[in-house]
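Report on the structure given below.
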Amino acid sequence: MEFYKDQSVTVTIGDMGKNGEGIGKIDGYTLFIKDAVIGDTVQAKIIKTKKSHGYARLIQILKPSIHRTVPPCPIARQCGGCQLQSLAYPQQLLFKEKTVRGNLEHIGGIQDIPMEPIVGMETPYNYRNKAQFPVALDKNGRIVTGFYAGRTHQIIPNRDCLLGIPENRQILDIVIDHMEKYRIPPYNEANGSGLVRHILIRYGFHTGEIMVCLVINGKHYPHVDRLSERLSALAGMSSIMLNINKERSNVILGKKTTLVWGRPTITDQIGDLRFHISPQSFFQVNPQQTEKMYAKALEYAALTGNETVWDLYCGIGTISLFMARSAKKVYGVEVIPQAVQDARTNAQSNHLENVEFFAGRAEEILPAGYKNGKVHADVIIVDPPRKGCDRILLDTILQVQPERIVYVSCDSATLARDVRYLHEGRYSLEKVCPFDNFPMTCHTECVVGMQRKHI
Ligand code: SAH
């Protein structure tokens, strides 16, 4: 059968792709259909064809899947933030588990994966402690804020995202109202004019502290005192900041941050450890799941109290401090200077003295230290961004020969690639545990334990 653009087809969805899209087959030809869920029979219109597969737009659900549910958010389909709201939560978990397993088998080349069941959430909404709202003018010249539509920078207006905290709404209303009142223009990506780029909001689930940071394309924010007066009246407000970003790029935060009101960091707690967090620092967005995930990382590290541990990509030292209580010594490495500063403060305020932090790239610090004979490690933990670990870093880890490697990952495809390399370097895959830290989206966290083979 030949397929062509604009052709209308009827297809049953038998699988789901890594971005949460439905996958249906007609005569062996694969079609990817956004917004269709596994089990649906749909009418779709082909928008693009390639040799072995094509893409189609969902036109009508002819027979809904038993796993289909009504998304609680009215703009779930347009907004690029959520991909899985139409799929019942237990089915989301199965989808994620299957994706992790598939990547470890196909990319990682490992059979008989020792997988523990995925750890999901009881209430999979309102879990995010951080939100970054872009600001722009709509086509009628009104200031809008919300989320980008999938793969574009078109803003879908929304101040009530169900993944975030309800307080976001009030904060956004105040900022947008202030901008309108004083005619403060939002940033215009097309020509680099205008002032306000993003509104960053952070919340401490345990402490109730709130930070608001306006990302601006300039040094000053007009009538900032009036704004700060209104924001600081909100319960929990503890920090109001300006971040200066004059770059013509997609990177949200600039390098410089100034304090407007309150303190320059907010604090939150994971387990019984307390952390200071700067606006630039990475902090896991789902603290409830993070606590369970760190406990798993600690379990896989199997510390007895005598070990030297390296925590690479350590952020503000969260995993480092969790490990420090059960290890002899922990070294952390992190590239963002403010995060390293936070990590040192956090070690002090939690009275942990057996930790030391280095600022720099993991793939530079570890090889350089090893060359100078300064690196010994019983356990190495890595928690890299989505692109995974640098090859040079993996080579150094293999040279250092720790007894165990704990790999924490937010992208199971790059995780699988790196696990394969470590596996070939004589580390066996002992355990894998996926965590659903991002319900309603297609993202998954994963903790992996590897053990050196003695031969
Ligand atoms: N383990 C921490 C942070 C994980 S996120 C936690 O659970 O909170 C990944 C971190 O790696 C971020 O803080 C990021 O700034 C840092 N990072 C990114 N590239 C890096 C590199 N090449 N070397 C060291 N750190 C890096």
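Simple scheme: letters A, B, ... for chains in structure tokens order, numbers from 1 for residues in each chain, numbers from 1 for ligands in the order shown.
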Practice task
May I have the residues within 9 Å of region 54-57 of chain A as a VMD selection string, using only C-alpha atoms and disregarding those fewer than 6 positions away in the same chain?
Solution key: chain A and resid 3 5 to 6 8 to 9 29 to 35 43 to 48
Save the residues we just selected, N, CA, C and O atoms, as a PDB file, in the first residue's frame?
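And here is the file that came out, result.pdb:
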ATOM      1  N   PHE A   3       1.415   5.294   0.741  1.00  0.00           N
ATOM      2  CA  PHE A   3       0.857   6.324   1.616  1.00  0.00           C
ATOM      3  C   PHE A   3       1.285   7.697   1.109  1.00  0.00           C
ATOM      4  O   PHE A   3       2.375   7.847   0.557  1.00  0.00           O
ATOM      5  N   LYS A   5       0.752  12.260   1.580  1.00  0.00           N
ATOM      6  CA  LYS A   5       0.367  13.385   2.433  1.00  0.00           C
ATOM      7  C   LYS A   5      -1.136  13.698   2.270  1.00  0.00           C
ATOM      8  O   LYS A   5      -1.664  13.571   1.167  1.00  0.00           O
ATOM      9  N   ASP A   6      -1.752  14.062   3.377  1.00  0.00           N
ATOM     10  CA  ASP A   6      -3.182  14.408   3.430  1.00  0.00           C
ATOM     11  C   ASP A   6      -4.122  13.204   3.324  1.00  0.00           C
ATOM     12  O   ASP A   6      -5.338  13.364   3.334  1.00  0.00           O
ATOM     13  N   SER A   8      -6.296  10.186   4.477  1.00  0.00           N
ATOM     14  CA  SER A   8      -6.998   9.887   5.714  1.00  0.00           C
ATOM     15  C   SER A   8      -6.921   8.377   5.950  1.00  0.00           C
ATOM     16  O   SER A   8      -7.170   7.594   5.041  1.00  0.00           O
ATOM     17  N   VAL A   9      -6.544   7.986   7.170  1.00  0.00           N
ATOM     18  CA  VAL A   9      -6.400   6.555   7.471  1.00  0.00           C
ATOM     19  C   VAL A   9      -7.114   6.224   8.781  1.00  0.00           C
ATOM     20  O   VAL A   9      -7.305   7.092   9.635  1.00  0.00           O
ATOM     21  N   TYR A  29       3.501  -0.625   7.749  1.00  0.00           N
ATOM     22  CA  TYR A  29       3.996   0.756   7.702  1.00  0.00           C
ATOM     23  C   TYR A  29       3.661   1.438   9.036  1.00  0.00           C
ATOM     24  O   TYR A  29       2.518   1.384   9.502  1.00  0.00           O
ATOM     25  N   THR A  30       4.671   2.063   9.645  1.00  0.00           N
ATOM     26  CA  THR A  30       4.500   2.637  10.975  1.00  0.00           C
ATOM     27  C   THR A  30       4.080   4.105  10.900  1.00  0.00           C
ATOM     28  O   THR A  30       4.711   4.902  10.209  1.00  0.00           O
ATOM     29  N   LEU A  31       3.055   4.444  11.663  1.00  0.00           N
ATOM     30  CA  LEU A  31       2.627   5.842  11.728  1.00  0.00           C
ATOM     31  C   LEU A  31       2.735   6.356  13.164  1.00  0.00           C
ATOM     32  O   LEU A  31       2.291   5.688  14.110  1.00  0.00           O
ATOM     33  N   PHE A  32       3.328   7.517  13.327  1.00  0.00           N
ATOM     34  CA  PHE A  32       3.417   8.163  14.641  1.00  0.00           C
ATOM     35  C   PHE A  32       2.299   9.206  14.731  1.00  0.00           C
ATOM     36  O   PHE A  32       2.192  10.070  13.858  1.00  0.00           O
ATOM     37  N   ILE A  33       1.480   9.088  15.764  1.00  0.00           N
ATOM     38  CA  ILE A  33       0.323   9.987  15.874  1.00  0.00           C
ATOM     39  C   ILE A  33       0.267  10.604  17.269  1.00  0.00           C
ATOM     40  O   ILE A  33      -0.046   9.935  18.252  1.00  0.00           O
ATOM     41  N   LYS A  34       0.597  11.893  17.338  1.00  0.00           N
ATOM     42  CA  LYS A  34       0.570  12.616  18.603  1.00  0.00           C
ATOM     43  C   LYS A  34      -0.865  12.624  19.154  1.00  0.00           C
ATOM     44  O   LYS A  34      -1.818  12.686  18.370  1.00  0.00           O
ATOM     45  N   ASP A  35      -1.003  12.582  20.461  1.00  0.00           N
ATOM     46  CA  ASP A  35      -2.295  12.647  21.176  1.00  0.00           C
ATOM     47  C   ASP A  35      -3.133  11.375  21.097  1.00  0.00           C
ATOM     48  O   ASP A  35      -4.214  11.317  21.665  1.00  0.00           O
ATOM     49  N   GLN A  43      -9.084   7.948  13.580  1.00  0.00           N
ATOM     50  CA  GLN A  43      -8.967   8.415  12.209  1.00  0.00           C
ATOM     51  C   GLN A  43      -7.887   9.492  12.230  1.00  0.00           C
ATOM     52  O   GLN A  43      -7.899  10.374  13.101  1.00  0.00           O
ATOM     53  N   ALA A  44      -6.933   9.387  11.316  1.00  0.00           N
ATOM     54  CA  ALA A  44      -5.822  10.340  11.315  1.00  0.00           C
ATOM     55  C   ALA A  44      -5.515  10.756   9.889  1.00  0.00           C
ATOM     56  O   ALA A  44      -5.855  10.062   8.930  1.00  0.00           O
ATOM     57  N   LYS A  45      -4.839  11.913   9.789  1.00  0.00           N
ATOM     58  CA  LYS A  45      -4.485  12.415   8.464  1.00  0.00           C
ATOM     59  C   LYS A  45      -2.970  12.461   8.364  1.00  0.00           C
ATOM     60  O   LYS A  45      -2.302  13.046   9.236  1.00  0.00           O
ATOM     61  N   ILE A  46      -2.434  11.868   7.321  1.00  0.00           N
ATOM     62  CA  ILE A  46      -0.969  11.801   7.185  1.00  0.00           C
ATOM     63  C   ILE A  46      -0.412  13.190   6.876  1.00  0.00           C
ATOM     64  O   ILE A  46      -0.918  13.886   5.990  1.00  0.00           O
ATOM     65  N   ILE A  47       0.623  13.585   7.663  1.00  0.00           N
ATOM     66  CA  ILE A  47       1.205  14.905   7.400  1.00  0.00           C
ATOM     67  C   ILE A  47       2.594  14.803   6.776  1.00  0.00           C
ATOM     68  O   ILE A  47       3.071  15.731   6.146  1.00  0.00           O
ATOM     69  N   LYS A  48       3.225  13.654   6.939  1.00  0.00           N
ATOM     70  CA  LYS A  48       4.574  13.511   6.387  1.00  0.00           C
ATOM     71  C   LYS A  48       4.857  12.029   6.180  1.00  0.00           C
ATOM     72  O   LYS A  48       4.527  11.213   7.046  1.00  0.00           O
TER      73      LYS A  48
END
Exercise for the section: Please write out the residues within 8 Å of ligand 1 as a ChimeraX atom specification, counting only C-alpha atoms and all ligand atoms. Expected result: /A:281-284,290,294,311-320,333-336,339,359-364,382-385,389-390,408
Problem - Surrounding residues of Asn188 (chain A) excluding itself and chain neighbours under 5 positions, 8 Å, only C-alpha atoms, as a PyMOL selection string - result: chain A and resi 136-137+193-194
Practice task
Give me the residues within 12 Å of Met293 (chain A) as a PyMOL selection string, counting only C-alpha atoms and dropping any in the same chain fewer than 2 places off.
Solution key: chain A and resi 118-120+270-271+284+286-291+295-300+318-319+322+383+406-410+432-437+444-448
Find the nearest atom pair between each residue of region 168-213 of chain A and region 143-146 of chain A for residues within 10 Å, count only C-alpha atoms, give distances in Å to one decimal, sort rows by chain and ascending number, and present the table as JSON lines.
{"residue": "A:Leu172", "atom": "CA", "partner": "A:Thr145", "partner_atom": "CA", "distance": 7.9}
{"residue": "A:Asp173", "atom": "CA", "partner": "A:Thr145", "partner_atom": "CA", "distance": 9.7}
{"residue": "A:Ile176", "atom": "CA", "partner": "A:Ile143", "partner_atom": "CA", "distance": 7.1}
{"residue": "A:Asp177", "atom": "CA", "partner": "A:Ile143", "partner_atom": "CA", "distance": 9.2}
{"residue": "A:Met179", "atom": "CA", "partner": "A:Ile143", "partner_atom": "CA", "distance": 8.3}
{"residue": "A:Glu180", "atom": "CA", "partner": "A:Ile143", "partner_atom": "CA", "distance": 7.5}
{"residue": "A:Arg183", "atom": "CA", "partner": "A:Ile143", "partner_atom": "CA", "distance": 10.0}
{"residue": "A:Ile184", "atom": "CA", "partner": "A:Ile143", "partner_atom": "CA", "distance": 9.6}
{"residue": "A:Pro185", "atom": "CA", "partner": "A:Ile143", "partner_atom": "CA", "distance": 8.1}
{"residue": "A:Pro186", "atom": "CA", "partner": "A:Ile143", "partner_atom": "CA", "distance": 7.1}
{"residue": "A:Arg197", "atom": "CA", "partner": "A:Thr145", "partner_atom": "CA", "distance": 9.9}
{"residue": "A:His198", "atom": "CA", "partner": "A:Thr145", "partner_atom": "CA", "distance": 8.6}
{"residue": "A:Ile199", "atom": "CA", "partner": "A:Thr145", "partner_atom": "CA", "distance": 8.7}
Practice task
Using only C-alpha atoms, determine which residues lie at most 10 Å from Val37 (chain A), disregarding the query and same-chain residues fewer than 6 positions distant; provide the list as a ChimeraX atom specification.
Solution key: /A:12-16,20-24,61,64-69,84-88,91
Next, write the just-selected residues to a file, as a short mmCIF file (atom, residue, chain, number, x, y, z; two decimals), in the first residue's frame, keeping C-alpha atoms as the atom set.
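As a result, part_11.cif now contains:
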data_model
loop_
_atom_site.label_atom_id
_atom_site.label_comp_id
_atom_site.auth_asym_id
_atom_site.auth_seq_id
_atom_site.Cartn_x
_atom_site.Cartn_y
_atom_site.Cartn_z
CA THR A 12 -5.35 1.14 15.93
CA ILE A 13 -2.61 2.28 18.28
CA GLY A 14 -0.52 -0.67 19.42
CA ASP A 15 2.47 1.04 21.01
CA MET A 16 3.85 4.39 22.15
CA GLY A 20 4.54 9.72 24.24
CA GLU A 21 3.08 9.67 20.74
CA GLY A 22 0.84 6.81 19.62
CA ILE A 23 2.26 4.26 17.17
CA GLY A 24 0.00 2.40 14.77
CA ILE A 61 -11.09 8.99 18.09
CA PRO A 64 -11.31 5.17 22.73
CA SER A 65 -8.79 2.99 24.51
CA ILE A 66 -9.77 1.55 27.91
CA HIS A 67 -6.62 3.34 29.15
CA ARG A 68 -7.78 6.73 27.92
CA THR A 69 -8.79 9.31 30.51
CA LEU A 84 0.67 11.78 28.68
CA GLN A 85 -2.31 13.38 30.43
CA SER A 86 -4.80 11.38 28.32
CA LEU A 87 -3.26 8.10 29.46
CA ALA A 88 -4.37 6.61 32.80
CA GLN A 91 -0.49 2.89 32.11
#
Give me the residues near His454 (chain A) as a PDB file with N, CA and C atoms, in the first residue's frame, where near means some atom within 10 Å (using only C-alpha atoms) and where sequence neighbours in that chain fewer than 6 positions away do not count.
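selection30.pdb was written with the following content:
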ATOM      1  N   GLU A 403      34.791  -0.024  43.249  1.00  0.00           N
ATOM      2  CA  GLU A 403      34.100  -1.303  43.450  1.00  0.00           C
ATOM      3  C   GLU A 403      32.690  -1.230  42.854  1.00  0.00           C
ATOM      4  N   ARG A 426      34.070  -4.182  32.028  1.00  0.00           N
ATOM      5  CA  ARG A 426      34.042  -5.154  33.137  1.00  0.00           C
ATOM      6  C   ARG A 426      33.272  -4.699  34.375  1.00  0.00           C
ATOM      7  N   TYR A 427      32.169  -4.032  34.163  1.00  0.00           N
ATOM      8  CA  TYR A 427      31.237  -3.768  35.273  1.00  0.00           C
ATOM      9  C   TYR A 427      29.925  -4.479  34.960  1.00  0.00           C
TER      10      TYR A 427
END
Exercise for the section: Tell me, as an MDAnalysis selection string, which residues lie within 10 Å of Gly369 (chain A), counting only C-alpha atoms; anything in the same chain fewer than 6 positions away does not count. Expected result: chainID A and resid 375:376 396
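Computed from the coordinates, the CA of Arg202 (chain A) to CA of Gln348 (chain A) distance equals 22.8 Å.
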Practice task
Determine the nearest neighbour of Arg274 (chain A) from the options A:Pro367, A:Pro74, A:Gly39, A:Gly204, counting only C-alpha atoms.
Solution key: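 Answer, going by the shortest atom-to-atom distance: A:Gly204.
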Exercise for the section: Using only C-alpha atoms, find the one residue out of A:Ile165, A:Ala131, A:Leu352, A:Val309 that sits nearest to Pro402 (chain A). Expected result: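 Once distances to Pro402 (chain A) are computed over only C-alpha atoms, the minimum belongs to A:Val309.
Straight-line separation from CA of Lys63 (chain A) to CA of Leu163 (chain A): 28.6 Å.
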Problem - Nearest to Ala377 (chain A) by atom-to-atom distance, counting only C-alpha atoms, from A:Glu424, A:Asp418, A:Glu307, A:Gln341 - result: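 The closest residue to Ala377 (chain A) is A:Glu307.
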